[in-house]
>>> print(open('query.txt').read())   # compact mmCIF, N, CA and C atoms
# COMPACT_ATOMS: atom_id res chain seq x y z
N MET A 777 60.59 33.33 -60.92
CA MET A 777 59.39 32.58 -60.54
C MET A 777 59.30 31.37 -61.45
N SER A 778 59.14 30.19 -60.87
CA SER A 778 59.06 28.97 -61.67
C SER A 778 57.73 28.89 -62.40
N GLY A 779 57.64 28.00 -63.38
CA GLY A 779 56.44 27.87 -64.17
C GLY A 779 55.23 27.40 -63.40
N THR A 780 55.43 26.79 -62.24
CA THR A 780 54.31 26.29 -61.47
C THR A 780 54.00 27.15 -60.25
N GLN A 781 54.80 28.18 -60.00
CA GLN A 781 54.57 29.00 -58.81
C GLN A 781 53.48 30.04 -59.09
N LEU A 782 52.62 30.21 -58.10
CA LEU A 782 51.55 31.19 -58.18
C LEU A 782 51.56 31.98 -56.88
N THR A 783 51.59 33.30 -56.98
CA THR A 783 51.51 34.16 -55.81
C THR A 783 50.13 34.80 -55.80
N VAL A 784 49.48 34.74 -54.65
CA VAL A 784 48.13 35.28 -54.49
C VAL A 784 48.18 36.34 -53.40
N THR A 785 47.68 37.52 -53.70
CA THR A 785 47.58 38.62 -52.74
C THR A 785 46.10 38.94 -52.57
N LEU A 786 45.66 39.01 -51.31
CA LEU A 786 44.24 39.22 -51.01
C LEU A 786 44.08 40.43 -50.11
N SER A 787 43.12 41.28 -50.44
CA SER A 787 42.81 42.42 -49.58
C SER A 787 41.30 42.57 -49.52
N GLY A 788 40.84 43.16 -48.44
CA GLY A 788 39.40 43.25 -48.20
C GLY A 788 38.96 42.00 -47.46
N GLY A 789 37.86 42.09 -46.76
CA GLY A 789 37.42 40.95 -45.97
C GLY A 789 38.37 40.71 -44.82
N GLY A 790 38.24 39.58 -44.18
CA GLY A 790 39.08 39.25 -43.03
C GLY A 790 39.89 38.00 -43.30
N THR A 791 40.50 37.51 -42.25
CA THR A 791 41.33 36.31 -42.35
C THR A 791 40.50 35.12 -42.82
N ASP A 792 39.27 34.98 -42.31
CA ASP A 792 38.43 33.86 -42.73
C ASP A 792 38.15 33.91 -44.23
N ASP A 793 37.95 35.12 -44.76
CA ASP A 793 37.71 35.26 -46.20
C ASP A 793 38.96 34.87 -46.99
N ALA A 794 40.13 35.32 -46.53
CA ALA A 794 41.38 34.97 -47.19
C ALA A 794 41.59 33.46 -47.17
N GLN A 795 41.29 32.82 -46.05
CA GLN A 795 41.44 31.38 -45.94
C GLN A 795 40.49 30.66 -46.89
N ALA A 796 39.28 31.18 -47.07
CA ALA A 796 38.32 30.56 -47.99
C ALA A 796 38.84 30.60 -49.42
N VAL A 797 39.44 31.71 -49.81
CA VAL A 797 40.00 31.84 -51.16
C VAL A 797 41.16 30.86 -51.34
N VAL A 798 42.04 30.79 -50.36
CA VAL A 798 43.18 29.87 -50.44
C VAL A 798 42.69 28.42 -50.52
N ARG A 799 41.67 28.07 -49.72
CA ARG A 799 41.12 26.70 -49.78
C ARG A 799 40.60 26.38 -51.17
N ALA A 800 39.98 27.35 -51.81
CA ALA A 800 39.45 27.13 -53.16
C ALA A 800 40.59 26.79 -54.14
N LEU A 801 41.75 27.40 -53.95
CA LEU A 801 42.87 27.17 -54.85
C LEU A 801 43.65 25.90 -54.56
N GLU A 802 43.51 25.37 -53.34
CA GLU A 802 44.28 24.17 -52.96
C GLU A 802 43.96 22.96 -53.82
N GLY A 803 42.73 22.81 -54.25
CA GLY A 803 42.37 21.68 -55.09
C GLY A 803 43.04 21.72 -56.45
N THR A 804 43.45 22.90 -56.88
CA THR A 804 44.12 23.06 -58.17
C THR A 804 45.63 23.10 -58.04
N PHE A 805 46.14 23.72 -56.98
CA PHE A 805 47.58 23.97 -56.85
C PHE A 805 48.24 23.26 -55.67
N GLY A 806 47.50 22.55 -54.84
CA GLY A 806 48.09 21.94 -53.65
C GLY A 806 48.14 22.95 -52.52
N ALA A 807 48.77 22.56 -51.43
CA ALA A 807 48.83 23.42 -50.25
C ALA A 807 49.78 24.60 -50.49
N PRO A 808 49.44 25.77 -49.98
CA PRO A 808 50.32 26.93 -50.12
C PRO A 808 51.48 26.84 -49.13
N ASP A 809 52.43 27.74 -49.29
CA ASP A 809 53.56 27.79 -48.37
C ASP A 809 53.08 28.10 -46.95
N GLU A 810 52.06 28.91 -46.83
CA GLU A 810 51.52 29.29 -45.53
C GLU A 810 50.09 29.78 -45.74
N ARG A 811 49.23 29.46 -44.80
CA ARG A 811 47.84 29.92 -44.90
C ARG A 811 47.69 31.25 -44.17
N PRO A 812 46.79 32.12 -44.65
CA PRO A 812 46.56 33.39 -43.95
C PRO A 812 46.12 33.11 -42.51
N ALA A 813 46.75 33.78 -41.55
CA ALA A 813 46.43 33.53 -40.15
C ALA A 813 46.39 34.79 -39.30
N ASP A 814 47.04 35.85 -39.71
CA ASP A 814 47.13 37.06 -38.89
C ASP A 814 45.82 37.84 -38.96
N GLY A 815 45.08 37.82 -37.85
CA GLY A 815 43.80 38.50 -37.80
C GLY A 815 43.89 40.01 -37.91
N ASN A 816 45.07 40.58 -37.69
CA ASN A 816 45.25 42.03 -37.77
C ASN A 816 45.71 42.50 -39.14
N ALA A 817 46.06 41.59 -40.02
CA ALA A 817 46.56 41.95 -41.34
C ALA A 817 45.43 42.48 -42.22
N THR A 818 45.76 43.45 -43.06
CA THR A 818 44.79 43.96 -44.02
C THR A 818 45.05 43.39 -45.41
N VAL A 819 46.24 42.83 -45.61
CA VAL A 819 46.60 42.17 -46.87
C VAL A 819 47.19 40.81 -46.52
N HIS A 820 46.74 39.78 -47.21
CA HIS A 820 47.23 38.42 -46.99
C HIS A 820 47.87 37.94 -48.28
N THR A 821 48.90 37.10 -48.15
CA THR A 821 49.51 36.51 -49.33
C THR A 821 49.68 35.01 -49.12
N ALA A 822 49.71 34.30 -50.22
CA ALA A 822 49.98 32.87 -50.21
C ALA A 822 50.72 32.55 -51.50
N THR A 823 51.66 31.64 -51.41
CA THR A 823 52.41 31.21 -52.59
C THR A 823 52.22 29.72 -52.75
N PHE A 824 51.85 29.31 -53.95
CA PHE A 824 51.66 27.91 -54.28
C PHE A 824 52.81 27.49 -55.18
N ASP A 825 53.51 26.41 -54.80
CA ASP A 825 54.64 25.91 -55.58
C ASP A 825 54.35 24.58 -56.26
N GLY A 826 53.15 24.06 -56.09
CA GLY A 826 52.83 22.72 -56.57
C GLY A 826 52.72 22.63 -58.07
N GLU A 827 52.67 21.39 -58.54
CA GLU A 827 52.54 21.10 -59.96
C GLU A 827 51.13 21.32 -60.47
N GLY A 828 50.16 21.44 -59.56
CA GLY A 828 48.81 21.67 -60.01
C GLY A 828 47.97 20.43 -60.15
N ASP A 829 48.55 19.25 -59.97
CA ASP A 829 47.77 18.03 -60.02
C ASP A 829 47.47 17.62 -58.58
N ALA A 830 46.93 18.55 -57.85
CA ALA A 830 46.76 18.37 -56.41
C ALA A 830 45.52 17.56 -56.10
N THR A 831 45.59 16.91 -54.97
CA THR A 831 44.41 16.28 -54.43
C THR A 831 43.87 17.21 -53.36
N PRO A 832 42.58 17.18 -53.10
CA PRO A 832 42.04 18.07 -52.09
C PRO A 832 42.71 17.84 -50.74
N PRO A 833 42.76 18.89 -49.90
CA PRO A 833 43.41 18.75 -48.60
C PRO A 833 42.76 17.67 -47.76
N ALA A 834 43.56 17.03 -46.91
CA ALA A 834 43.03 15.98 -46.03
C ALA A 834 42.08 16.58 -45.02
N GLY A 835 41.24 15.73 -44.46
CA GLY A 835 40.32 16.21 -43.44
C GLY A 835 38.95 16.52 -44.00
N GLY A 836 38.60 15.94 -45.12
CA GLY A 836 37.27 16.17 -45.67
C GLY A 836 37.31 17.19 -46.78
N ALA A 837 36.70 16.86 -47.87
CA ALA A 837 36.67 17.76 -49.02
C ALA A 837 35.47 18.69 -48.88
N THR A 838 35.69 19.82 -48.27
CA THR A 838 34.62 20.80 -48.14
C THR A 838 34.86 21.90 -49.14
N GLY A 839 33.80 22.64 -49.45
CA GLY A 839 33.93 23.76 -50.37
C GLY A 839 34.69 24.89 -49.71
N PRO A 840 34.99 25.92 -50.48
CA PRO A 840 35.78 27.01 -49.94
C PRO A 840 35.04 27.83 -48.89
N GLY A 841 33.73 27.79 -48.89
CA GLY A 841 32.98 28.57 -47.92
C GLY A 841 32.49 29.87 -48.54
N ARG A 842 31.83 30.65 -47.72
CA ARG A 842 31.29 31.92 -48.19
C ARG A 842 32.16 33.06 -47.72
N LEU A 843 32.10 34.14 -48.46
CA LEU A 843 32.83 35.34 -48.07
C LEU A 843 31.93 36.26 -47.27
N SER A 844 32.49 36.96 -46.29
CA SER A 844 31.70 37.90 -45.50
C SER A 844 31.74 39.31 -46.08
N ALA A 845 32.70 39.56 -46.98
CA ALA A 845 32.87 40.88 -47.58
C ALA A 845 33.56 40.70 -48.94
N PRO A 846 33.50 41.71 -49.80
CA PRO A 846 34.24 41.62 -51.06
C PRO A 846 35.74 41.48 -50.80
N VAL A 847 36.40 40.67 -51.62
CA VAL A 847 37.83 40.43 -51.50
C VAL A 847 38.46 40.68 -52.87
N THR A 848 39.49 41.52 -52.89
CA THR A 848 40.25 41.75 -54.11
C THR A 848 41.40 40.76 -54.12
N VAL A 849 41.50 39.99 -55.20
CA VAL A 849 42.53 38.96 -55.33
C VAL A 849 43.39 39.29 -56.53
N THR A 850 44.69 39.31 -56.32
CA THR A 850 45.63 39.45 -57.42
C THR A 850 46.42 38.16 -57.50
N VAL A 851 46.40 37.52 -58.67
CA VAL A 851 47.16 36.29 -58.89
C VAL A 851 48.28 36.60 -59.87
N GLN A 852 49.47 36.10 -59.58
CA GLN A 852 50.64 36.38 -60.41
C GLN A 852 51.43 35.10 -60.60
N GLY A 853 51.80 34.83 -61.85
CA GLY A 853 52.59 33.64 -62.16
C GLY A 853 52.65 33.44 -63.65
N SER A 854 52.91 32.21 -64.06
CA SER A 854 52.93 31.90 -65.49
C SER A 854 51.53 32.11 -66.05
N PRO A 855 51.42 32.39 -67.34
CA PRO A 855 50.09 32.57 -67.93
C PRO A 855 49.16 31.39 -67.66
N GLU A 856 49.68 30.15 -67.72
CA GLU A 856 48.86 28.97 -67.46
C GLU A 856 48.38 28.93 -66.01
N ALA A 857 49.28 29.21 -65.05
CA ALA A 857 48.90 29.21 -63.64
C ALA A 857 47.86 30.29 -63.34
N VAL A 858 48.04 31.46 -63.92
CA VAL A 858 47.09 32.55 -63.71
C VAL A 858 45.73 32.19 -64.31
N ARG A 859 45.73 31.59 -65.48
CA ARG A 859 44.46 31.18 -66.11
C ARG A 859 43.74 30.16 -65.24
N ARG A 860 44.49 29.17 -64.76
CA ARG A 860 43.88 28.12 -63.94
C ARG A 860 43.36 28.68 -62.62
N ALA A 861 44.11 29.59 -62.01
CA ALA A 861 43.66 30.21 -60.76
C ALA A 861 42.40 31.04 -61.00
N SER A 862 42.39 31.81 -62.08
CA SER A 862 41.21 32.62 -62.40
C SER A 862 39.99 31.75 -62.65
N ASP A 863 40.17 30.66 -63.40
CA ASP A 863 39.07 29.74 -63.66
C ASP A 863 38.55 29.12 -62.37
N THR A 864 39.45 28.71 -61.49
CA THR A 864 39.07 28.10 -60.22
C THR A 864 38.27 29.09 -59.37
N LEU A 865 38.75 30.31 -59.27
CA LEU A 865 38.08 31.30 -58.42
C LEU A 865 36.74 31.73 -58.99
N THR A 866 36.61 31.83 -60.30
CA THR A 866 35.32 32.23 -60.87
C THR A 866 34.29 31.11 -60.77
N ARG A 867 34.74 29.86 -60.65
CA ARG A 867 33.80 28.76 -60.41
C ARG A 867 33.37 28.72 -58.94
N ALA A 868 34.27 29.08 -58.03
CA ALA A 868 34.00 28.96 -56.60
C ALA A 868 33.25 30.16 -56.02
N PHE A 869 33.41 31.32 -56.63
CA PHE A 869 32.83 32.56 -56.09
C PHE A 869 32.20 33.39 -57.20
N THR A 870 31.39 34.36 -56.80
CA THR A 870 30.93 35.37 -57.74
C THR A 870 32.10 36.31 -57.95
N ALA A 871 32.57 36.41 -59.19
CA ALA A 871 33.80 37.15 -59.46
C ALA A 871 33.63 38.13 -60.60
N ARG A 872 34.34 39.25 -60.48
CA ARG A 872 34.42 40.24 -61.55
C ARG A 872 35.89 40.37 -61.93
N ASP A 873 36.18 40.26 -63.20
CA ASP A 873 37.55 40.39 -63.70
C ASP A 873 37.89 41.87 -63.77
N ASP A 874 38.89 42.31 -63.01
CA ASP A 874 39.28 43.71 -62.99
C ASP A 874 40.53 43.99 -63.82
N GLY A 875 40.92 43.04 -64.67
CA GLY A 875 42.00 43.31 -65.60
C GLY A 875 43.22 42.44 -65.40
N ALA A 876 44.10 42.52 -66.40
CA ALA A 876 45.32 41.71 -66.40
C ALA A 876 46.46 42.53 -66.97
N ALA A 877 47.66 42.12 -66.60
CA ALA A 877 48.89 42.70 -67.14
C ALA A 877 49.82 41.54 -67.46
N SER A 878 50.49 41.64 -68.60
CA SER A 878 51.40 40.57 -69.01
C SER A 878 52.81 41.08 -69.14
N GLY A 879 53.75 40.24 -68.72
CA GLY A 879 55.17 40.52 -68.90
C GLY A 879 55.74 39.50 -69.86
N ASP A 880 57.06 39.40 -69.89
CA ASP A 880 57.71 38.44 -70.78
C ASP A 880 57.32 37.00 -70.46
N GLN A 881 57.36 36.64 -69.16
CA GLN A 881 57.10 35.26 -68.78
C GLN A 881 56.06 35.14 -67.68
N GLU A 882 55.57 36.25 -67.19
CA GLU A 882 54.59 36.25 -66.11
C GLU A 882 53.35 37.01 -66.52
N GLN A 883 52.30 36.70 -65.81
CA GLN A 883 51.05 37.42 -66.01
C GLN A 883 50.48 37.73 -64.64
N GLU A 884 49.71 38.80 -64.57
CA GLU A 884 49.03 39.18 -63.34
C GLU A 884 47.58 39.47 -63.68
N ARG A 885 46.67 38.99 -62.84
CA ARG A 885 45.24 39.24 -63.04
C ARG A 885 44.64 39.62 -61.70
N GLN A 886 43.71 40.57 -61.77
CA GLN A 886 43.02 40.99 -60.55
C GLN A 886 41.54 40.66 -60.67
N LEU A 887 41.01 40.04 -59.62
CA LEU A 887 39.60 39.68 -59.56
C LEU A 887 38.99 40.29 -58.30
N LEU A 888 37.73 40.67 -58.39
CA LEU A 888 36.97 41.07 -57.21
C LEU A 888 35.99 39.95 -56.92
N LEU A 889 36.14 39.30 -55.77
CA LEU A 889 35.24 38.22 -55.36
C LEU A 889 34.21 38.82 -54.43
N GLU A 890 32.95 38.51 -54.68
CA GLU A 890 31.86 39.09 -53.88
C GLU A 890 31.15 38.02 -53.09
N PRO A 891 30.62 38.42 -51.90
CA PRO A 891 29.91 37.45 -51.05
C PRO A 891 28.66 36.90 -51.73
>>> encode(input="query.txt", output="structure tokens")
Amino acid sequence: MSGTQLTVTLSGGGTDDAQAVVRALEGTFGAPDERPADGNATVHTATFDGEGDATPPAGGATGPGRLSAPVTVTVQGSPEAVRRASDTLTRAFTARDDGAASGDQEQERQLLLEP
């Protein structure tokens, strides 16, 4: 995993909730490889490969939106990317930190985002 790559796994809520979380991260990391779209999925993932000096997505700078249900988010990447993702999500949503795990070069953090 490169120093700028961030993998986000989302569970709980629906596709709209997953999309809201991804939109919140786009201003920090740029566009993901793919946006959550499968309405039947119970777990959504997105990978951000950007440098992090992203500009907001085109089409109007709107906020991430509201969540309809609690969403568990796991972010994995370099310690700096994980810190920035956690900071972004805690500013955009009501969040509870559910812990972190560190490896040699990667870190993982889990957050519970509430409506």
>>> select_by_dssp(input="query.txt", residues="chain A", states="strand (DSSP E)", output="ChimeraX atom specification")
/A:782-787,819-824,847-853,870-878,883-890
>>> atom_distance(input="query.txt", atom1="atom CA of A:Ala817", atom2="atom CA of A:Ser787")
9.1 Å
>>> select_by_dssp(input="query.txt", residues="stretch 786-861 of chain A", states="alpha helix (DSSP H)", output="PyMOL selection string")
chain A and resi 791-805+855-861
>>> atom_distance(input="query.txt", atom1="atom CA of A:Thr791", atom2="atom CA of A:Val849")
13.3 Å
>>> residues_around(input="query.txt", residues="stretch 808-813 of chain A", least_positions_apart="4", cutoff="8 Å", atoms="only N, CA and C atoms", output="PyMOL selection string")
chain A and resi 790-792+794-796+798+801-802+817+819-826
>>> write_last_selection(input="query.txt", atoms="N, CA and C atoms", output="JSON list (two decimals), keeping the file's coordinate frame")
[["chain", "number", "residue", "atom", "x", "y", "z"],
["A", 790, "GLY", "N", 38.24, 39.58, -44.18],
["A", 790, "GLY", "CA", 39.08, 39.25, -43.03],
["A", 790, "GLY", "C", 39.89, 38.00, -43.30],
["A", 791, "THR", "N", 40.50, 37.51, -42.25],
["A", 791, "THR", "CA", 41.33, 36.31, -42.35],
["A", 791, "THR", "C", 40.50, 35.12, -42.82],
["A", 792, "ASP", "N", 39.27, 34.98, -42.31],
["A", 792, "ASP", "CA", 38.43, 33.86, -42.73],
["A", 792, "ASP", "C", 38.15, 33.91, -44.23],
["A", 794, "ALA", "N", 40.13, 35.32, -46.53],
["A", 794, "ALA", "CA", 41.38, 34.97, -47.19],
["A", 794, "ALA", "C", 41.59, 33.46, -47.17],
["A", 795, "GLN", "N", 41.29, 32.82, -46.05],
["A", 795, "GLN", "CA", 41.44, 31.38, -45.94],
["A", 795, "GLN", "C", 40.49, 30.66, -46.89],
["A", 796, "ALA", "N", 39.28, 31.18, -47.07],
["A", 796, "ALA", "CA", 38.32, 30.56, -47.99],
["A", 796, "ALA", "C", 38.84, 30.60, -49.42],
["A", 798, "VAL", "N", 42.04, 30.79, -50.36],
["A", 798, "VAL", "CA", 43.18, 29.87, -50.44],
["A", 798, "VAL", "C", 42.69, 28.42, -50.52],
["A", 801, "LEU", "N", 41.75, 27.40, -53.95],
["A", 801, "LEU", "CA", 42.87, 27.17, -54.85],
["A", 801, "LEU", "C", 43.65, 25.90, -54.56],
["A", 802, "GLU", "N", 43.51, 25.37, -53.34],
["A", 802, "GLU", "CA", 44.28, 24.17, -52.96],
["A", 802, "GLU", "C", 43.96, 22.96, -53.82],
["A", 817, "ALA", "N", 46.06, 41.59, -40.02],
["A", 817, "ALA", "CA", 46.56, 41.95, -41.34],
["A", 817, "ALA", "C", 45.43, 42.48, -42.22],
["A", 819, "VAL", "N", 46.24, 42.83, -45.61],
["A", 819, "VAL", "CA", 46.60, 42.17, -46.87],
["A", 819, "VAL", "C", 47.19, 40.81, -46.52],
["A", 820, "HIS", "N", 46.74, 39.78, -47.21],
["A", 820, "HIS", "CA", 47.23, 38.42, -46.99],
["A", 820, "HIS", "C", 47.87, 37.94, -48.28],
["A", 821, "THR", "N", 48.90, 37.10, -48.15],
["A", 821, "THR", "CA", 49.51, 36.51, -49.33],
["A", 821, "THR", "C", 49.68, 35.01, -49.12],
["A", 822, "ALA", "N", 49.71, 34.30, -50.22],
["A", 822, "ALA", "CA", 49.98, 32.87, -50.21],
["A", 822, "ALA", "C", 50.72, 32.55, -51.50],
["A", 823, "THR", "N", 51.66, 31.64, -51.41],
["A", 823, "THR", "CA", 52.41, 31.21, -52.59],
["A", 823, "THR", "C", 52.22, 29.72, -52.75],
["A", 824, "PHE", "N", 51.85, 29.31, -53.95],
["A", 824, "PHE", "CA", 51.66, 27.91, -54.28],
["A", 824, "PHE", "C", 52.81, 27.49, -55.18],
["A", 825, "ASP", "N", 53.51, 26.41, -54.80],
["A", 825, "ASP", "CA", 54.64, 25.91, -55.58],
["A", 825, "ASP", "C", 54.35, 24.58, -56.26],
["A", 826, "GLY", "N", 53.15, 24.06, -56.09],
["A", 826, "GLY", "CA", 52.83, 22.72, -56.57],
["A", 826, "GLY", "C", 52.72, 22.63, -58.07]]
>>> atom_distance(input="query.txt", atom1="atom C of A:Gly875", atom2="atom N of A:Gly841")
24.0 Å
>>> closest_residue(input="query.txt", among="A:Glu884, A:Asp873, A:Asn816, A:Leu865", to="A:Val797", atoms="all atoms listed in the file")
A:Leu865
